[in-house]
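Engineer: Encoded as structure tokens, here's the structure I'll be asking about.
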2 protein chains.
Amino acid sequence: MHPRRELTVELGDRSYPIYIGEGLLDDAGELFAQRGISKKSPLMIITDENVAERHLEKLQTVLVAAGFDVSTAIIKPGESSKSLAVLESLVTKALDAGLDRKSTIVALGGGVVGDLAGFVAASYMRGLKFVQVPTTILAHDSSVGGKVAVNHPLAKNIIGAFHQPELVLYDLNTLQTLPKREISAGLSEVVKHGLIWDPAFVQWCDENAERLTSLDADALGYALFMGCSVKAEVVSKDERENDLRAILNLGHTIGHALEAVAGYKELLHGEAISIGMVGAARLAVKLGASEDVYTVTKRVLSQVGLPVRLPEHLDTDAIMEAMMHDKKFAEGTMVFIVPIEIGKVEINKSVSAALIREIVEQLKQEAV
Amino acid sequence: MHPRRELTVELGDRSYPIYIGEGLLDDAGELFAQRGISKKSPLMIITDENVAERHLEKLQTVLVAAGFDVSTAIIKPGESSKSLAVLESLVTKALDAGLDRKSTIVALGGGVVGDLAGFVAASYMRGLKFVQVPTTILAHDSSVGGKVAVNHPLAKNIIGAFHQPELVLYDLNTLQTLPKREISAGLSEVVKHGLIWDPAFVQWCDENAERLTSLDADALGYALFMGCSVKAEVVSKDERENDLRAILNLGHTIGHALEAVAGYKELLHGEAISIGMVGAARLAVKLGASEDVYTVTKRVLSQVGLPVRLPEHLDTDAIMEAMMHDKKFAEGTMVFIVPIEIGKVEINKSVSAALIREIVEQLKQEAV
């Protein structure tokens, strides 16, 4: 077995490990078996066309050699696959492959694959076991914590479940083929985990931005370990987002609205969240935080190659409207995650829409 | 408040009450509030066209008078509404009505409405609170225990969740307009709960069949209380169907296959299950149980007006094929719930397909 970093998401009898290291796909058979994945019932790997080309044969070969009964389903890449129609087609495949209640779904890919395959696992026969094999940096976030979902034409991630995986298997080698833009987009959530929880890690990101964007394996392994650790700790304390877990939404209220308005294509998720975090930092300063919160947030995000300015052609009214539809608004109140200092956030439940509109306008003028 | 029978489904912090009595719709406002249903977030009643005509105005008026923010969604009656397409349209309505994470979904109707509305509640924003207001006898079964789902063209209830309601509110007055055929079909699951758990209750059903089919309120209230009690006890011990809960599937392996082959229309669910239970009793006798198991099972079901013979034109090969797709087959083994005596069942995991085929053939010859 290859050397690896390990951590555990503590959730009582639903606790599970996250393994991070180079070459871990080779160890998938052994690691799956250790976690009690059944070799008797068929297992299904769900992946997308791009990832299939690079990594499916490897994972499939390893699992078959270890005695698993493996079938596969390949979806089109991109957010548009997170639909009920694709869910239905995957259920067809699962039925055809004979998946039963002891079967396991393996998500091999980024966040889209993980969210979609996870919701198949959550809902097929009312719930199968599930393994996350993330192949993007961004997915270090979505693969931990059990939030799975598909989109509705009117709202992102609106149909879903909390369904925890049995394990998360992170092979750093799969990240080596990522395009530059996706590397930066992925680092957005890594930086976010620092911003909400760990000032020292934010500083480390600031100092190691160059190593991260060039995919230095040791730096990347450490950053993903740290990002996953923050996520795991928050999820352990509040699995179903009753309170604390909401802090993970730093930058997401504006970010989701930008994605919706830009059509999920112009802006990658991480890019939209980056702009959203700059907006949240601006909001924090307006509400009394030190100017540093804004300058450091903006600098670190820029350093790792992320956009910090909102594309001017995106309509402010449409952005405001999209936020109203977003699920972060409970009982009519507008909720924002506000970074009161670097490494510490507050949930502010009474932010006025007018103030947010002002910030959206300012984000269009942001100096880069 | 009206007098009522009460029982509790014991599931730790997810425990909930079942209320059974005449006129309970009048008390809905008070009972919802007692269970912590939010008056600040919009609530949505999901029902079908038939039930809407009879009971929607009443429930809506009572809830509005009690201060709830009520919206409604009306689906077409029948099994074909349990689809992902209808789920998507209900999510559209929920978004338009502004449902947020503190909102509640109320299922007013029979099993179809309960299963569908329950899956909307389980998946919208990853889970809302949920109230069951069953209006059929059959729904005494489906409204308790948290199994919710929609169908896939190839398999019934294959996409779903375990999502427990906050309460079950059973107004016996809503049953008074049920057609005769649906009364009998509903009693099928009532009798089933006796057959798996309580020989004295089976005898009571045998002796009170006439009162039940004529909807004598006291007899019906008692029978639903007893049926729900068995269901609640089994669910309390095994919420997610790891073992014990499977006994609730008595008659369902054959029954589901019959529904699938007959196209969900020729046979009502309760009718298909009735034939399935006669089949299970025949199987039990073949495996060594007393002949009584078969004669009593068949007699009680006949007494309450249910079919006990399989319609001859249904193709045996198609029935066998449908069973193979059914989710009761874990890891390739054919599982049957076998009534080894009246009031007691066993889970038999090694029944041969050949034996089941023989029983299907015999069910077509059953004397009535």
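Chain identifiers are assigned as A, B, and so on, following the order in which chains appear in the structure tokens; residues are numbered from 1 within each chain, and ligands are numbered from 1 in order of appearance.
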Output the contact residues of chain A with respect to chain B at a cut-off of 8 Å, based on only C-alpha atoms, as an NGL selection string.
Structural biologist: :A and (40-41 or 84 or 88 or 91-92 or 95 or 98 or 100-102 or 122-127 or 149 or 152 or 154 or 157-162 or 325 or 327 or 329-332)
Engineer: Neighbouring residues of segment 292-303 of chain A were defined as those with any atom within 7 Å, considering only C-alpha atoms; residues of the same chain fewer than 3 positions away were excluded. Please report them as a ChimeraX atom specification.
Structural biologist: /A:188,206,209,274,278,281-282,285,289,306-308,341-342
Engineer: Write out as number ranges by chain all residues of segment 147-340 of chain A that backbone DSSP assigns to strand (DSSP E or B).
Structural biologist: A: 147-152, 155-162, 167-171, 336-340
Engineer: List every residue of segment 124-277 of chain A that DSSP, applied to the backbone of this structure, places in alpha helix (DSSP H), and write the result as number ranges by chain.
Structural biologist: A: 139-142, 180-197, 199-213, 217-237, 252-262, 269-277
Engineer: Out of B:Ala185, B:Val62, B:Ile196, B:Met44, which residue has the shortest atom-to-atom distance to Ala94 of chain B when counting only C-alpha atoms?
Structural biologist: B:Met44
Engineer: In Å, with one decimal, what is the gap from atom CA of Lys76 of chain B to atom CA of Asp48 of chain B?
Structural biologist: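 Rounded to one decimal, the two atoms are 5.5 Å apart.
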Engineer: Just how far from atom CA of Ile37 of chain B is atom CA of Ala65 of chain B, in Å to one decimal?
Structural biologist: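 Separating atom CA of Ala65 of chain B from atom CA of Ile37 of chain B is a distance of 14.7 Å.
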Engineer: For the atom pair atom CA of Ala97 of chain B and atom CA of Tyr16 of chain B, what is the interatomic distance in Å to one decimal place?
Structural biologist: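 Taking atom CA of Ala97 of chain B as the start and atom CA of Tyr16 of chain B as the end point, the length is 26.9 Å.
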Engineer: Name all residues at most 9 Å from Ser236 of chain A (count only C-alpha atoms; drop same-chain ones fewer than 4 positions away) and give them as an MDAnalysis selection string.
Structural biologist: chainID A and resid 9:12 15 145 231:232
